[in-house]
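Below is one structure, written out as structure tokens; comments come after it.
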Amino acid sequence: MANFWLIQRGTFKENGTHLIGKDSAVSLDYMGSSEFEYDAIPRAFRRMMYHLPKYDVFHTGIYTPEHEEMMVFCKESSSQEILLSIKQFIETPYILQEYSELEKVPKAKKEDTDWRRRQSNFWWCIDINPNGDWIAFLEPHLKILTEAIQNDYQNWWLAKPLEQRNEEYKNSLYL
């Protein structure tokens with residue numbers, strides 16, 4: 001089983017028609033490491049868009065203290081390994097490139113006022129490997145996430161010529 005390394009934290013906004021960029025549905029946290037800079041997020045997004053027909057949403061069986069289930073948006077072919085990796089990370093956290101808050105999901109209440117609270121409700125693994133490029137989020141945000149991604153896919157990604165999409169995907173495989 002593969003460990004993940006680069007998890008981008010974020011929080012959902014009340015509205016937004018795109019996943020990232022202008023009018024985004026998610027506010028991404030500053031992560032502080034160069035691995036998250038240099039177009040890492042746009043590259044991960046292009047990899048996701050390229051393979052989007054292979055993606056689906058999966059239940060994790062992991063719940064917050066408020067009874068919100070964590071869901072995962074990933075390639076179906078990798079879903080079992082990704083779900084198992086997330087569960088193992090939450091049970092036995094290991095060091096990531098930057099702090100993710102992912103391990104807090106089943107324990108920390110979002111209303112807590114001390115350092116133990118959970119501020120994130122969006123996690124994006126941007127690792128470039130077969131089990132990377134997944135998004136974990138809390139179930140109440142399912143509609144916002146899926147609508148933003150479908151909007152980007154239909155109105156941004158598919159609007160590009162096929163040759164450009166292929167070139168952008170190829171370039172997204174390298175940093």
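Residue names in the structure tokens use chain letters A, B, ... in the order shown, residue numbers from 1 in each chain, and ligand numbers from 1 in the order shown.
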
Under the rule of at most 10 Å, produce a per-residue listing of stretch 33-142 of chain A near stretch 3-19 of chain A: chain, number, name, the closest pair of atoms, and the distance in Å, as JSON lines, using only C-alpha atoms.
{"residue": "A:Ser33", "atom": "CA", "partner": "A:Leu6", "partner_atom": "CA", "distance": 9.8}
{"residue": "A:Glu35", "atom": "CA", "partner": "A:Leu6", "partner_atom": "CA", "distance": 7.7}
{"residue": "A:Phe36", "atom": "CA", "partner": "A:Gln8", "partner_atom": "CA", "distance": 7.7}
{"residue": "A:Ile41", "atom": "CA", "partner": "A:Gln8", "partner_atom": "CA", "distance": 8.5}
{"residue": "A:Phe45", "atom": "CA", "partner": "A:Leu19", "partner_atom": "CA", "distance": 9.0}
{"residue": "A:Ile82", "atom": "CA", "partner": "A:Phe4", "partner_atom": "CA", "distance": 9.0}
{"residue": "A:Ser85", "atom": "CA", "partner": "A:Asn3", "partner_atom": "CA", "distance": 6.7}
{"residue": "A:Ile86", "atom": "CA", "partner": "A:Phe4", "partner_atom": "CA", "distance": 8.7}
{"residue": "A:Gln88", "atom": "CA", "partner": "A:Asn3", "partner_atom": "CA", "distance": 9.3}
{"residue": "A:Phe89", "atom": "CA", "partner": "A:Asn3", "partner_atom": "CA", "distance": 8.2}
{"residue": "A:Tyr94", "atom": "CA", "partner": "A:Asn3", "partner_atom": "CA", "distance": 8.9}
{"residue": "A:Ile95", "atom": "CA", "partner": "A:Trp5", "partner_atom": "CA", "distance": 8.1}
{"residue": "A:Leu96", "atom": "CA", "partner": "A:Trp5", "partner_atom": "CA", "distance": 5.0}
{"residue": "A:Gln97", "atom": "CA", "partner": "A:Trp5", "partner_atom": "CA", "distance": 5.8}
{"residue": "A:Glu98", "atom": "CA", "partner": "A:Leu6", "partner_atom": "CA", "distance": 7.2}
{"residue": "A:Tyr99", "atom": "CA", "partner": "A:Ile7", "partner_atom": "CA", "distance": 8.1}
{"residue": "A:Ser100", "atom": "CA", "partner": "A:Arg9", "partner_atom": "CA", "distance": 5.9}
{"residue": "A:Glu101", "atom": "CA", "partner": "A:Arg9", "partner_atom": "CA", "distance": 7.6}
{"residue": "A:Leu102", "atom": "CA", "partner": "A:Arg9", "partner_atom": "CA", "distance": 8.5}
{"residue": "A:Gln119", "atom": "CA", "partner": "A:Thr11", "partner_atom": "CA", "distance": 7.5}
{"residue": "A:Ser120", "atom": "CA", "partner": "A:Thr11", "partner_atom": "CA", "distance": 5.2}
{"residue": "A:Asn121", "atom": "CA", "partner": "A:Thr11", "partner_atom": "CA", "distance": 5.2}
{"residue": "A:Phe122", "atom": "CA", "partner": "A:Gly10", "partner_atom": "CA", "distance": 4.9}
{"residue": "A:Trp123", "atom": "CA", "partner": "A:Arg9", "partner_atom": "CA", "distance": 4.8}
{"residue": "A:Trp124", "atom": "CA", "partner": "A:Gln8", "partner_atom": "CA", "distance": 4.9}
{"residue": "A:Cys125", "atom": "CA", "partner": "A:Ile7", "partner_atom": "CA", "distance": 4.5}
{"residue": "A:Ile126", "atom": "CA", "partner": "A:Leu6", "partner_atom": "CA", "distance": 5.7}
{"residue": "A:Asp127", "atom": "CA", "partner": "A:Leu6", "partner_atom": "CA", "distance": 5.7}
{"residue": "A:Ile128", "atom": "CA", "partner": "A:Leu6", "partner_atom": "CA", "distance": 9.3}
{"residue": "A:Asn129", "atom": "CA", "partner": "A:Phe4", "partner_atom": "CA", "distance": 9.3}
{"residue": "A:Asn131", "atom": "CA", "partner": "A:Phe4", "partner_atom": "CA", "distance": 8.1}
{"residue": "A:Gly132", "atom": "CA", "partner": "A:Phe4", "partner_atom": "CA", "distance": 7.3}
{"residue": "A:Asp133", "atom": "CA", "partner": "A:Ile7", "partner_atom": "CA", "distance": 9.6}
{"residue": "A:Trp134", "atom": "CA", "partner": "A:Ile7", "partner_atom": "CA", "distance": 9.4}
{"residue": "A:Ile135", "atom": "CA", "partner": "A:Ile7", "partner_atom": "CA", "distance": 9.1}
{"residue": "A:Ala136", "atom": "CA", "partner": "A:Arg9", "partner_atom": "CA", "distance": 9.8}
{"residue": "A:Phe137", "atom": "CA", "partner": "A:Thr11", "partner_atom": "CA", "distance": 9.1}
{"residue": "A:Leu138", "atom": "CA", "partner": "A:Phe12", "partner_atom": "CA", "distance": 9.7}
{"residue": "A:His141", "atom": "CA", "partner": "A:Phe12", "partner_atom": "CA", "distance": 7.4}

Please identify all polymer residues within 8 Å of stretch 104-114 of chain A, counting only C-alpha atoms, omitting same-chain residues fewer than 5 positions from it, and present them as JSON, numbers by chain.
-> {"A": [62, 63, 64, 65, 66, 70, 90, 119]}

Within 10 Å of A:Glu76, counting only C-alpha atoms, which residues show up once you throw out same-chain ones fewer than 3 positions away? Write them as a ChimeraX atom specification, please.
-> /A:53-58,73,79-80,82

By how many Å are atom CA of A:Lys22 and atom CA of A:Arg117 apart?
-> 28.6 Å

Out of stretch 38-153 of chain A, which residues get helix (DSSP H, G or I) from DSSP, as an NGL selection string?
-> :A and (40-50 or 52-54 or 76-91 or 102-104 or 139-153)

Would you please extract all strand (DSSP E) residues from chain A, as assigned by DSSP on the backbone, and give them as an NGL selection string?
-> :A and (7-12 or 26-28 or 55-63 or 69-75 or 122-125 or 134-138)

Straight-line distance linking atom CA of A:Tyr38 with atom CA of A:Ala25, stated in Å to one decimal |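 Here the two named atoms are 21.4 Å from each other.
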
Identify which of the residues A:Glu168, A:Glu69, A:Glu163, A:Asp152 lies closest to A:Asp23, counting only C-alpha atoms when measuring atom-to-atom distances.
->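 Closest to A:Asp23 of all the choices is A:Asp152.
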
Residue with smallest distance to A:His59 - pool A:Leu142, A:Val26, A:Ile149, A:Ile20, counting only C-alpha atoms =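 Closest residue, counting only C-alpha atoms: A:Leu142.
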